[in-house]
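Below is input_8.txt, holding compact mmCIF, N, CA and C atoms.
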# COMPACT_ATOMS: atom_id res chain seq x y z
N MET A 918 21.86 -7.21 -41.27
CA MET A 918 20.89 -7.92 -40.47
C MET A 918 20.15 -6.89 -39.62
N SER A 919 18.86 -6.85 -39.73
CA SER A 919 18.09 -5.86 -38.99
C SER A 919 17.50 -6.51 -37.74
N GLU A 920 17.37 -5.72 -36.72
CA GLU A 920 16.85 -6.19 -35.44
C GLU A 920 15.36 -5.86 -35.37
N THR A 921 14.53 -6.85 -35.13
CA THR A 921 13.10 -6.59 -35.03
C THR A 921 12.77 -6.27 -33.59
N ARG A 922 11.91 -5.32 -33.45
CA ARG A 922 11.51 -4.89 -32.11
C ARG A 922 10.04 -5.25 -31.91
N THR A 923 9.74 -5.57 -30.69
CA THR A 923 8.36 -5.86 -30.34
C THR A 923 7.65 -4.56 -30.03
N PRO A 924 6.34 -4.52 -30.18
CA PRO A 924 5.61 -3.29 -29.84
C PRO A 924 5.86 -2.91 -28.38
N VAL A 925 6.01 -1.62 -28.16
CA VAL A 925 6.35 -1.12 -26.83
C VAL A 925 5.19 -0.29 -26.30
N ARG A 926 4.92 -0.45 -25.02
CA ARG A 926 3.88 0.37 -24.38
C ARG A 926 4.36 1.79 -24.23
N ALA A 927 3.44 2.68 -24.04
CA ALA A 927 3.78 4.10 -23.86
C ALA A 927 4.54 4.26 -22.55
N GLY A 928 5.63 4.97 -22.60
CA GLY A 928 6.42 5.25 -21.41
C GLY A 928 7.49 4.21 -21.14
N ALA A 929 7.54 3.11 -21.91
CA ALA A 929 8.56 2.08 -21.71
C ALA A 929 9.80 2.45 -22.51
N PRO A 930 10.99 2.07 -22.01
CA PRO A 930 12.21 2.40 -22.76
C PRO A 930 12.23 1.67 -24.10
N THR A 931 12.62 2.36 -25.15
CA THR A 931 12.61 1.78 -26.49
C THR A 931 13.98 1.35 -26.96
N ASP A 932 15.03 1.67 -26.22
CA ASP A 932 16.38 1.35 -26.68
C ASP A 932 16.86 -0.02 -26.20
N LEU A 933 16.02 -0.78 -25.49
CA LEU A 933 16.42 -2.09 -25.00
C LEU A 933 16.06 -3.16 -26.02
N PRO A 934 16.97 -4.11 -26.26
CA PRO A 934 16.65 -5.18 -27.21
C PRO A 934 15.63 -6.14 -26.61
N ALA A 935 14.85 -6.75 -27.47
CA ALA A 935 13.86 -7.73 -27.02
C ALA A 935 14.58 -9.01 -26.62
N THR A 936 14.18 -9.59 -25.51
CA THR A 936 14.79 -10.83 -25.04
C THR A 936 13.72 -11.88 -24.83
N ASP A 937 14.12 -13.10 -24.97
CA ASP A 937 13.22 -14.22 -24.75
C ASP A 937 13.44 -14.71 -23.32
N LEU A 938 12.49 -14.44 -22.43
CA LEU A 938 12.65 -14.81 -21.04
C LEU A 938 12.53 -16.31 -20.82
N ARG A 939 11.93 -17.02 -21.75
CA ARG A 939 11.80 -18.47 -21.60
C ARG A 939 13.15 -19.15 -21.72
N ALA A 940 14.09 -18.56 -22.41
CA ALA A 940 15.40 -19.16 -22.60
C ALA A 940 16.33 -18.89 -21.43
N THR A 941 15.92 -18.05 -20.49
CA THR A 941 16.76 -17.72 -19.35
C THR A 941 16.82 -18.89 -18.39
N ASP A 942 18.01 -19.32 -18.07
CA ASP A 942 18.20 -20.42 -17.14
C ASP A 942 18.73 -19.83 -15.84
N LEU A 943 17.88 -19.68 -14.87
CA LEU A 943 18.25 -19.07 -13.61
C LEU A 943 18.48 -20.17 -12.59
N ARG A 944 19.63 -20.24 -12.06
CA ARG A 944 19.97 -21.25 -11.05
C ARG A 944 20.23 -20.56 -9.73
N ALA A 945 20.26 -21.35 -8.66
CA ALA A 945 20.50 -20.78 -7.34
C ALA A 945 21.88 -20.16 -7.26
N THR A 946 22.86 -20.72 -7.99
CA THR A 946 24.20 -20.15 -7.95
C THR A 946 24.23 -18.78 -8.62
N ASP A 947 23.34 -18.54 -9.57
CA ASP A 947 23.25 -17.23 -10.21
C ASP A 947 22.73 -16.18 -9.23
N LEU A 948 21.97 -16.63 -8.26
CA LEU A 948 21.40 -15.71 -7.29
C LEU A 948 22.32 -15.46 -6.10
N GLY A 949 23.49 -16.09 -6.09
CA GLY A 949 24.43 -15.90 -5.01
C GLY A 949 24.20 -16.83 -3.84
N THR A 950 23.39 -17.84 -4.00
CA THR A 950 23.10 -18.78 -2.93
C THR A 950 24.14 -19.89 -2.95
N THR A 951 24.67 -20.24 -1.79
CA THR A 951 25.64 -21.32 -1.71
C THR A 951 25.05 -22.59 -1.13
N ASP A 952 23.77 -22.57 -0.79
CA ASP A 952 23.11 -23.74 -0.24
C ASP A 952 22.87 -24.76 -1.35
N PRO A 953 23.44 -25.99 -1.24
CA PRO A 953 23.27 -26.96 -2.33
C PRO A 953 21.83 -27.43 -2.49
N ARG A 954 21.01 -27.35 -1.44
CA ARG A 954 19.62 -27.75 -1.57
C ARG A 954 18.85 -26.80 -2.46
N ALA A 955 19.21 -25.53 -2.46
CA ALA A 955 18.52 -24.54 -3.28
C ALA A 955 18.84 -24.72 -4.76
N ALA A 956 19.96 -25.34 -5.07
CA ALA A 956 20.34 -25.53 -6.47
C ALA A 956 19.69 -26.75 -7.09
N GLY A 957 18.85 -27.44 -6.34
CA GLY A 957 18.13 -28.57 -6.89
C GLY A 957 18.90 -29.87 -6.80
N SER A 958 19.84 -29.98 -5.87
CA SER A 958 20.58 -31.23 -5.75
C SER A 958 19.70 -32.31 -5.15
N SER A 959 20.11 -33.54 -5.31
CA SER A 959 19.29 -34.66 -4.85
C SER A 959 19.38 -34.86 -3.35
N THR A 960 20.21 -34.09 -2.64
CA THR A 960 20.34 -34.25 -1.20
C THR A 960 19.32 -33.42 -0.43
N ALA A 961 18.48 -32.68 -1.13
CA ALA A 961 17.48 -31.85 -0.46
C ALA A 961 16.45 -32.74 0.23
N PRO A 962 16.11 -32.45 1.48
CA PRO A 962 15.12 -33.27 2.18
C PRO A 962 13.74 -33.08 1.58
N ASP A 963 13.00 -34.15 1.54
CA ASP A 963 11.63 -34.11 1.02
C ASP A 963 10.71 -33.60 2.11
N PRO A 964 10.04 -32.46 1.92
CA PRO A 964 9.18 -31.93 2.98
C PRO A 964 8.02 -32.86 3.32
N THR A 965 7.52 -33.62 2.35
CA THR A 965 6.44 -34.55 2.63
C THR A 965 6.92 -35.65 3.56
N LEU A 966 8.13 -36.11 3.34
CA LEU A 966 8.70 -37.15 4.18
C LEU A 966 8.88 -36.65 5.60
N GLU A 967 9.34 -35.43 5.73
CA GLU A 967 9.58 -34.86 7.05
C GLU A 967 8.28 -34.59 7.81
N LEU A 968 7.24 -34.18 7.12
CA LEU A 968 6.00 -33.78 7.79
C LEU A 968 5.05 -34.93 8.08
N PHE A 969 4.91 -35.87 7.16
CA PHE A 969 3.83 -36.84 7.26
C PHE A 969 4.27 -38.26 7.54
N ALA A 970 5.49 -38.63 7.21
CA ALA A 970 5.92 -40.02 7.36
C ALA A 970 6.23 -40.33 8.83
N SER A 971 6.11 -41.59 9.18
CA SER A 971 6.44 -42.08 10.52
C SER A 971 7.73 -42.88 10.46
N ARG A 972 8.29 -43.16 11.63
CA ARG A 972 9.52 -43.94 11.68
C ARG A 972 9.30 -45.38 11.24
N THR A 973 8.15 -45.96 11.63
CA THR A 973 7.86 -47.34 11.27
C THR A 973 6.46 -47.43 10.68
N LEU A 974 6.24 -48.50 9.94
CA LEU A 974 4.92 -48.74 9.35
C LEU A 974 3.89 -49.01 10.44
N THR A 975 4.29 -49.74 11.48
CA THR A 975 3.38 -50.04 12.58
C THR A 975 2.91 -48.76 13.26
N GLU A 976 3.83 -47.86 13.52
CA GLU A 976 3.48 -46.58 14.14
C GLU A 976 2.49 -45.82 13.27
N HIS A 977 2.69 -45.84 11.98
CA HIS A 977 1.82 -45.09 11.08
C HIS A 977 0.41 -45.69 11.05
N VAL A 978 0.32 -47.01 11.00
CA VAL A 978 -0.99 -47.66 10.99
C VAL A 978 -1.72 -47.44 12.31
N VAL A 979 -1.00 -47.48 13.43
CA VAL A 979 -1.63 -47.23 14.74
C VAL A 979 -2.16 -45.80 14.80
N ARG A 980 -1.40 -44.85 14.28
CA ARG A 980 -1.89 -43.46 14.25
C ARG A 980 -3.14 -43.34 13.39
N GLY A 981 -3.18 -44.04 12.28
CA GLY A 981 -4.36 -44.01 11.41
C GLY A 981 -5.58 -44.62 12.08
N LEU A 982 -5.40 -45.76 12.74
CA LEU A 982 -6.52 -46.40 13.44
C LEU A 982 -7.01 -45.55 14.60
N LEU A 983 -6.09 -44.95 15.33
CA LEU A 983 -6.47 -44.07 16.45
C LEU A 983 -7.31 -42.90 15.94
N GLY A 984 -6.88 -42.29 14.85
CA GLY A 984 -7.65 -41.20 14.26
C GLY A 984 -9.02 -41.64 13.79
N LEU A 985 -9.10 -42.82 13.20
CA LEU A 985 -10.37 -43.35 12.74
C LEU A 985 -11.33 -43.62 13.89
N VAL A 986 -10.82 -44.19 14.98
CA VAL A 986 -11.65 -44.45 16.17
C VAL A 986 -12.15 -43.13 16.77
N LEU A 987 -11.28 -42.14 16.84
CA LEU A 987 -11.68 -40.85 17.40
C LEU A 987 -12.74 -40.16 16.54
N VAL A 988 -12.62 -40.24 15.22
CA VAL A 988 -13.62 -39.64 14.34
C VAL A 988 -14.95 -40.38 14.47
N ALA A 989 -14.90 -41.70 14.52
CA ALA A 989 -16.13 -42.48 14.68
C ALA A 989 -16.81 -42.15 16.01
N PHE A 990 -16.04 -42.04 17.07
CA PHE A 990 -16.59 -41.68 18.38
C PHE A 990 -17.24 -40.30 18.31
N ALA A 991 -16.57 -39.35 17.69
CA ALA A 991 -17.10 -37.98 17.62
C ALA A 991 -18.42 -37.94 16.84
N VAL A 992 -18.49 -38.67 15.75
CA VAL A 992 -19.70 -38.65 14.91
C VAL A 992 -20.85 -39.34 15.62
N VAL A 993 -20.59 -40.49 16.24
CA VAL A 993 -21.65 -41.26 16.91
C VAL A 993 -22.15 -40.53 18.15
N SER A 994 -21.25 -39.91 18.90
CA SER A 994 -21.62 -39.29 20.17
C SER A 994 -22.07 -37.84 20.05
N ALA A 995 -21.93 -37.24 18.90
CA ALA A 995 -22.20 -35.81 18.75
C ALA A 995 -23.66 -35.45 18.97
N GLN A 996 -24.58 -36.35 18.66
CA GLN A 996 -25.99 -36.02 18.81
C GLN A 996 -26.37 -35.89 20.29
N ASP A 997 -25.85 -36.76 21.13
CA ASP A 997 -26.16 -36.71 22.56
C ASP A 997 -25.24 -35.78 23.33
N HIS A 998 -24.00 -35.71 22.91
CA HIS A 998 -22.99 -34.91 23.63
C HIS A 998 -22.21 -34.08 22.62
N PRO A 999 -22.61 -32.84 22.39
CA PRO A 999 -21.92 -32.01 21.40
C PRO A 999 -20.42 -31.81 21.71
N TRP A 1000 -20.04 -31.89 22.96
CA TRP A 1000 -18.63 -31.74 23.32
C TRP A 1000 -17.78 -32.88 22.75
N ALA A 1001 -18.43 -33.98 22.34
CA ALA A 1001 -17.70 -35.11 21.77
C ALA A 1001 -17.01 -34.73 20.46
N LEU A 1002 -17.47 -33.65 19.82
CA LEU A 1002 -16.82 -33.20 18.60
C LEU A 1002 -15.38 -32.74 18.86
N LEU A 1003 -15.06 -32.48 20.12
CA LEU A 1003 -13.68 -32.14 20.45
C LEU A 1003 -12.73 -33.30 20.20
N ALA A 1004 -13.28 -34.51 20.06
CA ALA A 1004 -12.45 -35.67 19.74
C ALA A 1004 -11.87 -35.57 18.34
N LEU A 1005 -12.39 -34.68 17.52
CA LEU A 1005 -11.85 -34.49 16.17
C LEU A 1005 -10.46 -33.85 16.22
N VAL A 1006 -10.19 -33.07 17.25
CA VAL A 1006 -8.88 -32.40 17.34
C VAL A 1006 -7.76 -33.43 17.49
N PRO A 1007 -7.83 -34.37 18.45
CA PRO A 1007 -6.75 -35.36 18.51
C PRO A 1007 -6.71 -36.28 17.29
N ALA A 1008 -7.85 -36.46 16.62
CA ALA A 1008 -7.84 -37.26 15.39
C ALA A 1008 -7.01 -36.57 14.32
N VAL A 1009 -7.17 -35.26 14.19
CA VAL A 1009 -6.39 -34.50 13.21
C VAL A 1009 -4.91 -34.52 13.58
N VAL A 1010 -4.62 -34.46 14.87
CA VAL A 1010 -3.22 -34.53 15.31
C VAL A 1010 -2.65 -35.92 15.01
N ALA A 1011 -3.42 -36.97 15.28
CA ALA A 1011 -2.94 -38.32 15.01
C ALA A 1011 -2.68 -38.54 13.52
N TRP A 1012 -3.55 -37.98 12.67
CA TRP A 1012 -3.38 -38.13 11.23
C TRP A 1012 -2.38 -37.13 10.66
N ARG A 1013 -1.94 -36.17 11.48
CA ARG A 1013 -1.08 -35.07 11.03
C ARG A 1013 -1.75 -34.30 9.90
N GLY A 1014 -3.02 -34.07 10.07
CA GLY A 1014 -3.81 -33.36 9.08
C GLY A 1014 -5.07 -34.14 8.75
N CYS A 1015 -5.45 -34.13 7.52
CA CYS A 1015 -6.66 -34.81 7.08
C CYS A 1015 -6.34 -36.27 6.71
N PRO A 1016 -7.35 -37.07 6.37
CA PRO A 1016 -7.07 -38.44 5.95
C PRO A 1016 -6.16 -38.52 4.71
N THR A 1017 -6.25 -37.55 3.84
CA THR A 1017 -5.37 -37.54 2.67
C THR A 1017 -3.92 -37.32 3.10
N CYS A 1018 -3.71 -36.47 4.10
CA CYS A 1018 -2.36 -36.27 4.63
C CYS A 1018 -1.82 -37.57 5.21
N TRP A 1019 -2.69 -38.31 5.89
CA TRP A 1019 -2.28 -39.59 6.45
C TRP A 1019 -1.88 -40.56 5.33
N LEU A 1020 -2.64 -40.58 4.24
CA LEU A 1020 -2.32 -41.45 3.12
C LEU A 1020 -0.99 -41.06 2.46
N MET A 1021 -0.74 -39.77 2.34
CA MET A 1021 0.55 -39.32 1.81
C MET A 1021 1.68 -39.80 2.71
N GLY A 1022 1.47 -39.69 4.02
CA GLY A 1022 2.47 -40.17 4.97
C GLY A 1022 2.68 -41.67 4.87
N LEU A 1023 1.60 -42.41 4.62
CA LEU A 1023 1.73 -43.86 4.45
C LEU A 1023 2.60 -44.17 3.24
N GLY A 1024 2.37 -43.49 2.16
CA GLY A 1024 3.20 -43.69 0.98
C GLY A 1024 4.65 -43.34 1.24
N GLN A 1025 4.89 -42.25 1.94
CA GLN A 1025 6.26 -41.84 2.25
C GLN A 1025 6.93 -42.80 3.22
N THR A 1026 6.14 -43.33 4.19
CA THR A 1026 6.69 -44.30 5.13
C THR A 1026 7.11 -45.58 4.39
N LEU A 1027 6.27 -46.03 3.45
CA LEU A 1027 6.61 -47.21 2.65
C LEU A 1027 7.84 -46.95 1.78
N THR A 1028 7.93 -45.76 1.20
CA THR A 1028 9.09 -45.40 0.39
C THR A 1028 10.35 -45.39 1.22
N ARG A 1029 10.28 -44.81 2.41
CA ARG A 1029 11.44 -44.76 3.31
C ARG A 1029 11.84 -46.18 3.70
N ARG A 1030 10.85 -47.03 3.95
CA ARG A 1030 11.13 -48.41 4.35
C ARG A 1030 11.85 -49.15 3.22
N ARG A 1031 11.38 -48.96 1.98
CA ARG A 1031 12.03 -49.61 0.84
C ARG A 1031 13.45 -49.10 0.63
N SER A 1032 13.64 -47.79 0.76
CA SER A 1032 14.98 -47.24 0.55
C SER A 1032 15.93 -47.66 1.66
N ASP A 1033 15.43 -47.81 2.89
CA ASP A 1033 16.28 -48.29 3.98
C ASP A 1033 16.68 -49.73 3.75
N ARG A 1034 15.76 -50.54 3.24
CA ARG A 1034 16.09 -51.94 2.95
C ARG A 1034 17.09 -52.03 1.80
N ALA A 1035 16.93 -51.20 0.80
CA ALA A 1035 17.85 -51.21 -0.32
C ALA A 1035 19.23 -50.77 0.13
N ALA A 1036 19.30 -49.82 1.04
CA ALA A 1036 20.60 -49.34 1.55
C ALA A 1036 21.27 -50.44 2.37
N CYS A 1037 20.48 -51.23 3.11
CA CYS A 1037 21.06 -52.32 3.91
C CYS A 1037 21.53 -53.46 3.02
N ASP A 1038 20.87 -53.66 1.88
CA ASP A 1038 21.28 -54.72 0.97
C ASP A 1038 22.61 -54.42 0.32
N THR A 1039 22.95 -53.16 0.14
CA THR A 1039 24.21 -52.80 -0.48
C THR A 1039 25.36 -52.76 0.51
N CYS A 1040 25.06 -52.83 1.80
CA CYS A 1040 26.12 -52.79 2.82
C CYS A 1040 26.89 -54.09 2.87
Can the structure in the file be given as structure tokens, please?
Amino acid sequence: MSETRTPVRAGAPTDLPATDLRATDLRATDLGTTDPRAAGSSTAPDPTLELFASRTLTEHVVRGLLGLVLVAFAVVSAQDHPWALLALVPAVVAWRGCPTCWLMGLGQTLTRRRSDRAACDTC
């Protein structure tokens, strides 16, 4: 059985066998990590949930409405009072980013609410 070699660039070692890197299965335990979250376990916290979701749906909707009112105020008042554009800063804080970030948080808040209800049903 003969071993086929792939073309080698100049200066590269020629005595190494060719390996298929796609077949390599590298896990966190192979890297010496003992953190179970790094190994891809299901107990890893969702960063989207931690960053964008609210404790309650009411809180999330109030934050969204507050941001919307602040943006509307800034746009309407900007022509007469340019300092009104500073109202965009608390709007971004209320939304925890852009409107898309707020929508992601809404989805995560609803997901958390469903999972909390499902957990209570099994108790």
>> as a ChimeraX atom specification, please: the residues near stretch 1001-1018 of chain A (cut-off 7 Å, only N, CA and C atoms, same-chain neighbours under 5 positions excluded).
In response: /A:968-969,980-981,983-985,987-988,990-992,994-995,1023
>> Given the point (4.0, -50.5, 9.6) in the file's coordinates, find the residues that have an atom at most 12 Å from it, counting only C-alpha atoms, and give them as a list in words.
In response: Ala970, Ser971, Arg972, Thr973, Leu974, Thr975, Glu976, His977, Val978, Val979, Arg980, Gly981, Leu982, Gly1022, Leu1023, Gly1024, Gln1025, Thr1026, Leu1027, Thr1028, Arg1029, Arg1030 and Arg1031 of chain A
>> What's the separation between atom C of A:Trp1019 and atom CA of A:Arg1034, in Å to one decimal place?
In response: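 We find that atom C of A:Trp1019 and atom CA of A:Arg1034 lie 21.4 Å from each other.
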> Rounded to one decimal in Å, what is the spacing between atom CA of A:Ala989 and atom CA of A:Leu1020?
Replying inline: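 Computing it gives 18.0 Å between the two atoms.
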>> Rounded to one decimal, what separation in Å do you get between atom CA of A:Pro964 and atom C of A:Met1021?
In response: 10.9 Å
